[in-house]
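Data from entry.cif: mmCIF, C-alpha atoms
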```
data_final
loop_
_atom_site.label_atom_id
_atom_site.label_comp_id
_atom_site.auth_asym_id
_atom_site.auth_seq_id
_atom_site.Cartn_x
_atom_site.Cartn_y
_atom_site.Cartn_z
CA MET E 1 71.84 84.35 103.38
CA LEU E 2 68.09 84.80 103.52
CA PHE E 3 66.19 84.00 106.65
CA LYS E 4 62.51 83.26 106.63
CA GLU E 5 60.66 84.58 109.60
CA LEU E 6 57.15 85.37 110.63
CA GLY E 7 56.45 89.08 110.52
CA ASP E 8 53.99 90.88 112.78
CA ASP E 9 51.15 90.10 110.45
CA ASN E 10 52.14 86.42 110.28
CA VAL E 11 53.33 86.74 106.73
CA THR E 12 56.62 85.01 105.98
CA GLU E 13 59.25 87.60 105.25
CA GLU E 14 62.70 87.22 103.86
CA ARG E 15 65.41 89.41 105.25
CA ARG E 16 68.99 89.85 104.27
CA ILE E 17 71.66 89.91 106.97
CA SER E 18 74.29 92.55 106.38
CA MET E 19 77.89 91.46 105.93
CA ALA E 20 78.78 93.72 108.87
CA VAL E 21 76.78 91.41 111.15
CA ILE E 22 78.17 88.29 109.49
CA ARG E 23 81.71 89.54 110.07
CA ARG E 24 81.00 89.82 113.79
CA LEU E 25 79.76 86.23 114.08
CA PRO E 26 83.19 84.52 114.14
CA ARG E 27 84.03 86.56 117.22
CA TYR E 28 80.84 85.41 118.99
CA TYR E 29 81.68 81.90 117.88
CA ARG E 30 85.17 82.16 119.39
CA TYR E 31 83.94 83.52 122.73
CA LEU E 32 81.15 80.96 122.99
CA GLY E 33 83.67 78.19 122.22
CA GLU E 34 85.90 79.43 125.03
CA LEU E 35 82.93 79.46 127.42
CA LEU E 36 82.06 75.89 126.45
CA GLU E 37 85.65 74.82 127.11
CA LYS E 38 85.28 76.30 130.59
CA GLY E 39 82.02 74.41 131.12
CA VAL E 40 79.83 77.54 131.04
CA ASN E 41 76.43 76.61 129.67
CA LYS E 42 74.45 79.78 129.91
CA ILE E 43 75.27 83.44 129.75
CA SER E 44 73.30 86.69 129.79
CA SER E 45 73.81 89.29 127.08
CA LYS E 46 75.15 91.57 129.83
CA GLU E 47 77.87 89.10 130.88
CA LEU E 48 78.75 88.33 127.27
CA SER E 49 78.89 92.04 126.54
CA GLU E 50 81.37 92.61 129.38
CA LYS E 51 83.59 89.78 128.18
CA MET E 52 83.53 90.91 124.57
CA ASN E 53 83.65 94.64 125.24
CA VAL E 54 80.63 95.41 123.07
CA THR E 55 77.27 96.70 124.24
CA ALA E 56 74.59 94.24 125.35
CA SER E 57 72.22 95.91 122.94
CA GLN E 58 74.62 95.26 120.03
CA ILE E 59 74.71 91.59 121.01
CA ARG E 60 70.92 91.36 121.22
CA GLN E 61 70.54 93.14 117.90
CA ASP E 62 73.09 90.94 116.17
CA LEU E 63 71.63 87.70 117.44
CA ASN E 64 68.05 88.83 116.83
CA ASN E 65 68.92 88.78 113.14
CA PHE E 66 68.73 85.02 113.39
CA GLY E 67 65.60 84.80 115.47
CA GLY E 68 67.18 85.62 118.81
CA PHE E 69 68.13 82.36 120.58
CA GLY E 70 67.89 84.13 123.94
CA GLN E 71 65.18 83.64 126.51
CA GLN E 72 64.05 86.57 128.63
CA GLY E 73 65.40 86.24 132.16
CA TYR E 74 67.50 83.19 131.31
CA GLY E 75 70.09 84.39 128.87
CA TYR E 76 71.65 82.40 126.10
CA ASN E 77 72.21 78.67 125.99
CA VAL E 78 75.90 78.69 125.10
CA ASP E 79 76.07 75.32 123.37
CA TYR E 80 72.93 75.94 121.30
CA LEU E 81 74.05 79.41 120.26
CA HIS E 82 77.54 78.13 119.39
CA LYS E 83 76.04 75.42 117.18
CA GLU E 84 73.58 77.79 115.52
CA ILE E 85 76.31 80.28 114.65
CA ALA E 86 78.37 77.40 113.28
CA LYS E 87 75.45 76.46 111.02
CA ILE E 88 74.98 80.04 109.84
CA LEU E 89 78.67 80.34 108.99
CA GLY E 90 78.70 76.94 107.33
CA LEU E 91 81.04 75.43 109.92
CA ASP E 92 78.85 72.36 110.20
CA GLN E 93 80.37 71.25 106.90
CA ASN E 94 83.82 70.17 105.77
CA TYR E 95 85.95 71.95 103.21
CA LYS E 96 88.89 70.70 101.18
CA MET E 97 91.59 73.32 100.81
CA ILE E 98 94.75 73.70 98.79
CA ILE E 99 97.52 76.26 99.17
CA VAL E 100 98.88 77.80 95.99
CA GLY E 101 102.25 79.40 96.69
CA VAL E 102 104.28 77.66 99.37
CA GLY E 103 106.67 80.47 100.28
CA ASN E 104 107.00 81.71 103.85
CA LEU E 105 103.37 82.69 104.27
CA GLY E 106 102.04 79.59 102.51
CA GLN E 107 104.20 77.41 104.76
CA ALA E 108 103.00 79.27 107.83
CA LEU E 109 99.37 78.64 106.88
CA ALA E 110 100.12 75.00 106.01
CA ASN E 111 101.43 74.54 109.53
CA TYR E 112 98.30 75.90 111.23
CA ASN E 113 96.37 73.00 112.60
CA SER E 114 93.53 74.99 114.09
CA PHE E 115 91.79 75.33 110.72
CA GLU E 116 91.45 71.58 110.43
CA ARG E 117 89.67 71.34 113.77
CA ARG E 118 86.97 73.58 112.33
CA GLY E 119 86.49 71.43 109.25
CA PHE E 120 88.93 73.07 106.85
CA LYS E 121 91.12 70.21 105.67
CA LEU E 122 94.30 70.91 103.77
CA VAL E 123 94.58 68.40 100.92
CA GLY E 124 97.19 69.85 98.57
CA LEU E 125 100.13 72.23 98.17
CA PHE E 126 101.26 73.77 94.89
CA ASP E 127 104.13 75.96 93.76
CA VAL E 128 106.09 76.87 90.63
CA ASN E 129 109.47 76.79 92.36
CA PRO E 130 111.43 73.58 91.58
CA ARG E 131 113.26 73.93 94.91
CA LEU E 132 109.94 73.67 96.77
CA ILE E 133 108.30 70.97 94.63
CA GLY E 134 108.70 67.61 96.34
CA MET E 135 109.16 69.15 99.78
CA SER E 136 106.78 67.78 102.40
CA ILE E 137 104.77 69.76 104.98
CA ARG E 138 102.61 67.93 107.52
CA GLY E 139 102.58 64.89 105.28
CA LEU E 140 101.64 66.75 102.09
CA GLU E 141 104.06 66.97 99.21
CA VAL E 142 104.37 70.24 97.32
CA GLN E 143 103.29 69.62 93.72
CA ASP E 144 104.00 71.46 90.51
CA VAL E 145 101.31 74.05 89.89
CA ASP E 146 100.82 72.52 86.42
CA LYS E 147 99.07 69.64 88.16
CA MET E 148 96.73 71.95 90.07
CA GLU E 149 93.70 71.88 87.77
CA ALA E 150 93.61 68.10 87.41
CA PHE E 151 93.99 67.72 91.17
CA VAL E 152 91.22 70.21 91.95
CA LYS E 153 88.78 68.39 89.67
CA GLU E 154 89.70 64.92 90.86
CA VAL E 155 89.69 65.65 94.59
CA GLY E 156 86.86 68.21 94.57
CA VAL E 157 88.68 71.12 96.19
CA ASP E 158 86.41 73.74 97.75
CA ILE E 159 88.85 76.47 98.78
CA ALA E 160 92.19 77.67 97.42
CA ILE E 161 94.49 79.77 99.57
CA LEU E 162 96.41 82.14 97.32
CA THR E 163 99.80 83.09 98.74
CA ILE E 164 101.49 83.94 95.47
CA PRO E 165 103.09 87.08 94.03
CA LYS E 166 100.52 89.61 92.92
CA THR E 167 101.50 89.33 89.25
CA ARG E 168 100.29 85.72 89.21
CA VAL E 169 97.08 86.07 91.21
CA LYS E 170 94.59 87.02 88.52
CA ASP E 171 95.57 84.24 86.14
CA THR E 172 95.71 81.60 88.88
CA ALA E 173 92.35 82.69 90.30
CA GLU E 174 90.72 82.42 86.88
CA ARG E 175 92.14 78.94 86.33
CA LEU E 176 90.85 77.83 89.73
CA ALA E 177 87.43 79.35 89.10
CA GLN E 178 87.20 77.39 85.87
CA CYS E 179 87.82 74.05 87.52
CA GLY E 180 85.18 74.42 90.19
CA VAL E 181 86.81 75.95 93.26
CA LYS E 182 84.11 77.77 95.24
CA GLY E 183 86.17 80.03 97.44
CA LEU E 184 89.47 81.87 97.17
CA TRP E 185 91.28 83.10 100.27
CA ASN E 186 93.50 85.74 98.76
CA PHE E 187 96.55 87.15 100.54
CA SER E 188 97.86 89.27 97.65
CA PRO E 189 97.25 93.01 97.40
CA VAL E 190 95.04 92.54 94.36
CA ASP E 191 91.25 92.63 94.05
CA LEU E 192 89.78 89.74 92.15
CA PHE E 193 86.63 90.06 90.07
CA LEU E 194 85.45 86.56 89.23
CA PRO E 195 82.38 84.88 87.78
CA GLU E 196 79.36 84.41 90.01
CA GLY E 197 79.64 81.34 92.20
CA VAL E 198 83.30 81.93 93.05
CA HIS E 199 83.69 83.79 96.31
CA VAL E 200 86.71 85.75 97.42
CA GLU E 201 87.83 86.71 100.88
CA ASN E 202 90.87 88.99 101.01
CA VAL E 203 93.46 89.33 103.73
CA HIS E 204 95.16 92.57 102.81
CA LEU E 205 97.95 92.75 105.37
CA SER E 206 99.24 96.12 104.20
CA HIS E 207 95.76 97.62 104.63
CA SER E 208 95.68 96.39 108.18
CA LEU E 209 99.11 97.85 108.93
CA MET E 210 98.09 101.21 107.45
CA THR E 211 95.00 101.20 109.66
CA LEU E 212 97.25 100.65 112.67
CA ALA E 213 99.35 103.65 111.60
CA TYR E 214 96.16 105.70 111.45
CA LYS E 215 95.13 104.61 114.95
CA ILE E 216 98.55 105.48 116.38
CA ASN E 217 98.30 109.00 114.97
CA ASP E 218 94.68 109.51 115.83
CA THR E 219 94.94 110.72 119.38
CA GLN E 220 91.15 110.75 119.65
CA GLU E 221 90.87 107.06 118.89
CA LYS E 222 91.13 104.61 121.73
CA MET Q 1 91.05 111.99 113.60
CA LEU Q 2 89.27 115.29 113.83
CA PHE Q 3 89.08 117.53 110.84
CA LYS Q 4 88.43 121.19 111.14
CA GLU Q 5 86.36 122.61 108.37
CA LEU Q 6 84.30 125.67 107.63
CA GLY Q 7 80.58 124.98 107.89
CA ASP Q 8 77.94 126.77 105.85
CA ASP Q 9 77.77 129.58 108.35
CA ASN Q 10 81.56 129.94 108.38
CA VAL Q 11 81.88 128.47 111.86
CA THR Q 12 84.69 126.00 112.28
CA GLU Q 13 83.28 122.55 112.87
CA GLU Q 14 85.00 119.41 114.01
CA ARG Q 15 83.88 116.15 112.55
CA ARG Q 16 84.85 112.64 113.31
CA ILE Q 17 85.56 110.22 110.44
CA SER Q 18 84.11 106.77 110.97
CA MET Q 19 86.48 103.81 111.09
CA ALA Q 20 84.49 102.28 108.21
CA VAL Q 21 85.70 105.12 105.98
CA ILE Q 22 89.25 104.92 107.36
CA ARG Q 23 89.38 101.21 106.57
CA ARG Q 24 88.54 101.95 102.95
CA LEU Q 25 91.39 104.45 102.56
CA PRO Q 26 94.24 101.93 102.14
CA ARG Q 27 92.42 100.56 99.13
CA TYR Q 28 92.16 104.02 97.55
CA TYR Q 29 95.81 104.51 98.41
CA ARG Q 30 96.75 101.28 96.64
CA TYR Q 31 94.77 102.06 93.47
CA LEU Q 32 96.07 105.62 93.31
CA GLY Q 33 99.62 104.31 93.74
CA GLU Q 34 99.10 101.92 90.82
CA LEU Q 35 97.77 104.78 88.68
CA LEU Q 36 100.83 106.87 89.52
CA GLU Q 37 103.11 104.00 88.51
CA LYS Q 38 101.33 103.95 85.16
CA GLY Q 39 101.80 107.70 84.76
CA VAL Q 40 98.11 108.54 85.19
CA ASN Q 41 97.82 111.99 86.76
CA LYS Q 42 94.13 112.63 86.85
CA ILE Q 43 91.03 110.47 87.14
CA SER Q 44 87.31 111.06 87.43
CA SER Q 45 85.31 109.47 90.23
CA LYS Q 46 83.48 107.50 87.50
CA GLU Q 47 86.71 105.99 86.13
CA LEU Q 48 88.02 105.28 89.62
CA SER Q 49 84.71 103.70 90.52
CA GLU Q 50 84.88 101.33 87.55
CA LYS Q 51 88.42 100.29 88.42
CA MET Q 52 87.64 99.73 92.09
CA ASN Q 53 84.18 98.24 91.62
CA VAL Q 54 82.51 100.65 94.05
CA THR Q 55 79.96 103.33 93.19
CA ALA Q 56 81.16 106.78 92.16
CA SER Q 57 78.92 108.23 94.84
CA GLN Q 58 80.65 106.11 97.50
CA ILE Q 59 84.01 107.47 96.32
CA ARG Q 60 82.79 111.07 96.39
CA GLN Q 61 81.25 110.60 99.83
CA ASP Q 62 84.38 108.97 101.24
CA LEU Q 63 86.73 111.61 99.90
CA ASN Q 64 84.39 114.45 100.85
CA ASN Q 65 85.06 113.50 104.45
CA PHE Q 66 88.45 115.07 104.00
CA GLY Q 67 87.34 118.15 102.15
CA GLY Q 68 86.88 116.57 98.75
CA PHE Q 69 90.08 117.03 96.71
CA GLY Q 70 88.09 116.73 93.49
CA GLN Q 71 87.31 119.55 91.12
CA GLN Q 72 84.03 119.58 89.25
CA GLY Q 73 84.59 118.64 85.60
CA TYR Q 74 88.27 117.83 86.15
CA GLY Q 75 88.31 114.86 88.45
CA TYR Q 76 90.96 114.01 91.01
CA ASN Q 77 94.63 114.92 90.87
CA VAL Q 78 96.05 111.44 91.48
CA ASP Q 79 99.37 112.48 92.99
CA TYR Q 80 97.79 115.04 95.32
CA LEU Q 81 95.07 112.64 96.48
CA HIS Q 82 97.61 109.85 97.01
CA LYS Q 83 99.74 112.14 99.17
CA GLU Q 84 96.77 113.44 101.14
CA ILE Q 85 95.55 109.93 101.95
CA ALA Q 86 99.10 109.04 103.00
CA LYS Q 87 99.05 111.97 105.41
CA ILE Q 88 95.65 111.00 106.83
CA LEU Q 89 96.82 107.42 107.40
CA GLY Q 90 100.12 108.58 108.88
CA LEU Q 91 102.18 107.14 106.03
CA ASP Q 92 104.18 110.37 105.76
CA GLN Q 93 106.02 109.20 108.88
CA ASN Q 94 108.38 106.36 109.68
CA TYR Q 95 107.75 103.58 112.17
CA LYS Q 96 110.15 101.24 113.90
CA MET Q 97 108.78 97.72 114.20
CA ILE Q 98 109.75 94.55 115.98
CA ILE Q 99 108.39 91.05 115.52
CA VAL Q 100 107.73 89.05 118.65
CA GLY Q 101 107.45 85.37 117.78
CA VAL Q 102 109.61 84.29 114.87
CA GLY Q 103 107.83 81.05 113.93
CA ASN Q 104 106.55 80.48 110.41
CA LEU Q 105 104.24 83.48 110.34
CA GLY Q 106 106.75 85.79 112.02
CA GLN Q 107 109.39 84.74 109.49
CA ALA Q 108 106.97 85.31 106.63
CA LEU Q 109 106.29 88.84 107.84
CA ALA Q 110 110.00 89.47 108.45
CA ASN Q 111 110.64 88.64 104.80
CA TYR Q 112 108.06 91.08 103.43
CA ASN Q 113 109.93 94.04 102.05
CA SER Q 114 106.89 96.00 100.91
CA PHE Q 115 106.21 97.29 104.43
CA GLU Q 116 109.57 99.01 104.53
CA ARG Q 117 108.86 100.92 101.32
CA ARG Q 118 105.89 102.49 103.11
CA GLY Q 119 107.95 103.60 106.09
CA PHE Q 120 107.53 100.59 108.39
CA LYS Q 121 111.09 99.60 109.22
CA LEU Q 122 111.79 96.29 110.91
CA VAL Q 123 114.43 96.83 113.61
CA GLY Q 124 114.25 93.74 115.82
CA LEU Q 125 113.17 90.10 116.10
CA PHE Q 126 112.42 88.31 119.36
CA ASP Q 127 111.56 84.78 120.37
CA VAL Q 128 111.69 82.45 123.39
CA ASN Q 129 112.89 79.46 121.40
CA PRO Q 130 116.66 78.82 121.84
CA ARG Q 131 116.74 77.19 118.41
CA LEU Q 132 115.62 80.43 116.80
CA ILE Q 133 117.65 82.84 118.91
CA GLY Q 134 120.79 83.86 117.01
CA MET Q 135 119.28 83.02 113.63
CA SER Q 136 119.46 85.87 111.14
CA ILE Q 137 116.67 87.11 108.84
CA ARG Q 138 117.36 89.91 106.37
CA GLY Q 139 120.34 91.00 108.45
CA LEU Q 140 118.51 91.00 111.79
CA GLU Q 141 119.43 88.53 114.47
CA VAL Q 142 116.66 86.90 116.52
CA GLN Q 143 117.11 87.96 120.15
CA ASP Q 144 115.91 86.44 123.39
CA VAL Q 145 112.55 87.89 124.35
CA ASP Q 146 114.07 88.76 127.75
CA LYS Q 147 115.93 91.55 126.02
CA MET Q 148 112.77 92.94 124.43
CA GLU Q 149 111.88 95.64 126.94
CA ALA Q 150 115.38 97.14 127.11
CA PHE Q 151 115.58 97.12 123.31
CA VAL Q 152 112.18 98.79 122.88
CA LYS Q 153 113.13 101.60 125.25
CA GLU Q 154 116.59 102.12 123.79
CA VAL Q 155 115.60 102.05 120.13
CA GLY Q 156 112.20 103.70 120.52
CA VAL Q 157 110.07 101.00 118.91
CA ASP Q 158 106.67 102.19 117.65
CA ILE Q 159 104.98 98.96 116.58
CA ALA Q 160 105.24 95.35 117.75
CA ILE Q 161 103.99 92.54 115.55
CA LEU Q 162 102.68 89.75 117.75
CA THR Q 163 102.96 86.34 116.11
CA ILE Q 164 103.06 84.28 119.29
CA PRO Q 165 100.86 81.54 120.74
CA LYS Q 166 97.64 82.90 122.20
CA THR Q 167 98.56 81.90 125.75
CA ARG Q 168 101.44 84.40 125.70
CA VAL Q 169 99.78 87.32 123.99
CA LYS Q 170 98.17 89.12 126.92
CA ASP Q 171 101.30 89.15 129.05
CA THR Q 172 103.56 90.16 126.17
CA ALA Q 173 101.19 92.93 125.08
CA GLU Q 174 101.10 94.36 128.59
CA ARG Q 175 104.89 94.33 128.84
CA LEU Q 176 105.17 96.12 125.51
CA ALA Q 177 102.54 98.67 126.50
CA GLN Q 178 104.50 99.47 129.63
CA CYS Q 179 107.69 100.23 127.78
CA GLY Q 180 106.17 102.65 125.32
CA VAL Q 181 105.13 100.76 122.22
CA LYS Q 182 102.28 102.66 120.55
CA GLY Q 183 100.80 100.02 118.31
CA LEU Q 184 100.35 96.26 118.42
CA TRP Q 185 99.65 94.28 115.28
CA ASN Q 186 98.16 91.15 116.74
CA PHE Q 187 97.85 87.89 114.79
CA SER Q 188 96.61 85.73 117.69
CA PRO Q 189 92.94 84.86 118.17
CA VAL Q 190 92.78 86.93 121.35
CA ASP Q 191 91.30 90.38 121.95
CA LEU Q 192 93.58 92.73 123.82
CA PHE Q 193 92.26 95.40 126.15
CA LEU Q 194 95.12 97.78 126.88
CA PRO Q 195 95.64 101.17 128.48
CA GLU Q 196 94.77 104.26 126.48
CA GLY Q 197 97.57 105.29 124.13
CA VAL Q 198 98.32 101.72 123.00
CA HIS Q 199 96.48 100.83 119.82
CA VAL Q 200 95.70 97.37 118.60
CA GLU Q 201 94.97 96.12 115.12
CA ASN Q 202 94.00 92.48 114.87
CA VAL Q 203 94.44 90.09 111.98
CA HIS Q 204 92.14 87.24 112.93
CA LEU Q 205 92.82 84.73 110.18
CA SER Q 206 90.28 82.21 111.41
CA HIS Q 207 87.55 84.87 111.33
CA SER Q 208 88.40 85.60 107.73
CA LEU Q 209 88.28 81.92 106.79
CA MET Q 210 84.89 81.51 108.52
CA THR Q 211 83.58 84.49 106.56
CA LEU Q 212 84.69 82.77 103.37
CA ALA Q 213 82.78 79.65 104.42
CA TYR Q 214 79.71 81.82 104.92
CA LYS Q 215 80.07 83.35 101.47
CA ILE Q 216 80.43 79.94 99.83
CA ASN Q 217 77.20 78.78 101.42
CA ASP Q 218 75.30 81.98 100.86
CA THR Q 219 73.99 81.45 97.37
CA GLN Q 220 72.53 84.95 97.39
CA GLU Q 221 75.87 86.59 97.99
CA LYS Q 222 77.99 87.46 95.00
#
```

Turn this file's structure into structure tokens for me.
Amino acid sequence: MLFKELGDDNVTEERRISMAVIRRLPRYYRYLGELLEKGVNKISSKELSEKMNVTASQIRQDLNNFGGFGQQGYGYNVDYLHKEIAKILGLDQNYKMIIVGVGNLGQALANYNSFERRGFKLVGLFDVNPRLIGMSIRGLEVQDVDKMEAFVKEVGVDIAILTIPKTRVKDTAERLAQCGVKGLWNFSPVDLFLPEGVHVENVHLSHSLMTLAYKINDTQEK
Amino acid sequence: MLFKELGDDNVTEERRISMAVIRRLPRYYRYLGELLEKGVNKISSKELSEKMNVTASQIRQDLNNFGGFGQQGYGYNVDYLHKEIAKILGLDQNYKMIIVGVGNLGQALANYNSFERRGFKLVGLFDVNPRLIGMSIRGLEVQDVDKMEAFVKEVGVDIAILTIPKTRVKDTAERLAQCGVKGLWNFSPVDLFLPEGVHVENVHLSHSLMTLAYKINDTQEK
């Protein structure tokens, strides 16, 4: 995302926000949401830093990427900041999602209702397994994956969650890319290289578990 | 992890590897494992870089953190590098794991068999739900969470997978920390701050989905 801002010499500059900062935003969003639920309307970077266990200077730096939002001596307006982060992340929009692969993990994700509250609406479930086709989860019937492309085009699906065996991922991802899906949330241990305009976010569970093993063995790491 | 190495002036130096590098190692490990399966025994950083879609210089920099492994004009010995990365990550050891919370996600993780191949052995399942207690998954019976602490101490559990509602996470994590668990793999949208010696790795699914929303909206991002 490019942000226009006025530089020191009043010339409009465009800056690129690093993905490292972007990846920290959902955490701010979560904490600010919890504060709102508790009726907290303003917070200083120091208080927020104590809650989140990051330095106040990190918080100021991160939020300064988007023009700041904070007022000297007042702190942050929680509701405003929460809404602005939502806009930056694109959470002010709605997304239609399908799940491809309704095994254990696919079923687990289908049963999450917290995604829907944030605008991610599950609209379809697909599998190849005849024993799963026809089964119903939260009011959605599992369909044959052969019907996936027609469905995606007709309904205008934005995001496909891929919880399928790794041997099928590449082919399925390419089919989805061709019929207009914009984002793939991939849970298989495979890296996808797709045409421009199709975005991939991976959840590599085994990578995460290996990182935990590293931490356990790294006696220097807290 | 601290690595001792000889500096230019032959003085032993200790260097700390950044977590950013560590988090890239599982991906190297996965690619090298795939090469081994195909019978590939050596690879240049250029070839590896093309496969992994990262720059060759990034690969050389990352692996130089551990003393290199590569030989000029030869490339990397795949088997050796694979084994060395395994050692760094602690994958040359075995870990006993339990799952606390055997809902959909817990069951999905219990059914993964790929973790076991890497030395992460599932030894127990726990839940509060009477309807789940007594149920069997891959030969393990779901036990009442009241029996968790005694089990952890008796069996010597290393890692607990937390797939429980967020309201229960803090309390459960503290109980596990007290009875000697070294690592918590936490799937709840809660940050855990635990005593030194207990390591946490989070899988925040909602953060990942929000990042995907960002990517979809960021027309500059590939």

Q: Quick one: apply the PyMOL selection byres ((chain Q and resi 111-124) around 8) to the file and drop the selected residues here as a list in words.
A: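 Against this file, the PyMOL selection byres ((chain Q and resi 111-124) around 8) returns the residues Asn104 and Ser206 of chain E; Leu91, Asp92, Gln93, Asn94, Tyr95, Lys96, Met97, Ile98, Ile99, Gln107, Ala108, Leu109, Ala110, Leu125, Phe126, Ile137, Arg138, Leu140, Glu141, Val142 and Gln143 of chain Q.
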
Q. On this structure, which residues satisfy the PyMOL selection byres ((chain E and resi 55-60) around 10), written as a ChimeraX atom specification?
A. /E:21,24,28,44-50,52-54,61-65,68-70

Q: Starting from the shown file, work through the PyMOL selection byres ((chain E and resi 35-41) around 9) and note down what comes out as a PyMOL selection string.
A: chain E and resi 30-34+42-43+76-79+82

(Q) Taking only C-alpha atoms into account, name the residue in E:Pro165, E:Asp218, E:Lys83, E:Glu154 that is nearest to E:Gly103. (A) E:Pro165

Q: Quick one: everything within 8 Å of stretch 178-194 of chain Q, counting all atoms listed in the file, minus sequence neighbours fewer than 3 positions away in the same chain. Send it as a ChimeraX atom specification.
A: /E:209,212-213,216 /Q:149,152-153,156-166,169-170,173-175,197-206

Q | Protein, DNA and RNA residues within 7 Å of (90.9, 99.1, 107.7), only C-alpha atoms, as JSON, numbers by chain | A | {"E": [207, 208, 211], "Q": [22, 23, 24]}

With all atoms of stretch 115-134 of chain E from the file as input, state the centre and edge lengths in Å to one decimal of the axis-aligned box that has 6 Å extra on each side, as AutoDock Vina command-line options.
```
--center_x 99.9 --center_y 72.2 --center_z 102.2 --size_x 38.8 --size_y 21.3 --size_z 35.1
```

Q. So what do you get for atom CA of Q:Ile88 versus atom CA of E:Thr167, distance-wise?
A.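 These atoms are spaced 28.5 Å apart.
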
**Q.** Point-to-point distance in Å for atom CA of E:Gly134 and atom CA of E:Leu105
**A.** 17.9 Å

Q) Expressed in Å to a single decimal, how great is the separation between atom CA of E:Glu196 and atom CA of E:Ile17? A)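 Computing it gives 19.4 Å between the two atoms.
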
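Restricting the calculation to only C-alpha atoms, the smallest distance between chain E and any of Q:Met19, Q:Leu89, Q:Val100, Q:Leu132 is found for Q:Leu89.
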
Q. Taking all atoms listed in the file into account, which of E:Met210, E:Val145, E:Val102, E:Val155 comes nearest chain Q?
A. E:Met210

Q: May I ask which of the residues E:Leu81, E:Ala86, E:Ala177, E:Ala150 is the closest one to chain Q, counting all atoms listed in the file?
A: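 Of E:Leu81, E:Ala86, E:Ala177, E:Ala150, the one nearest chain Q, counting all atoms listed in the file, is E:Ala86.
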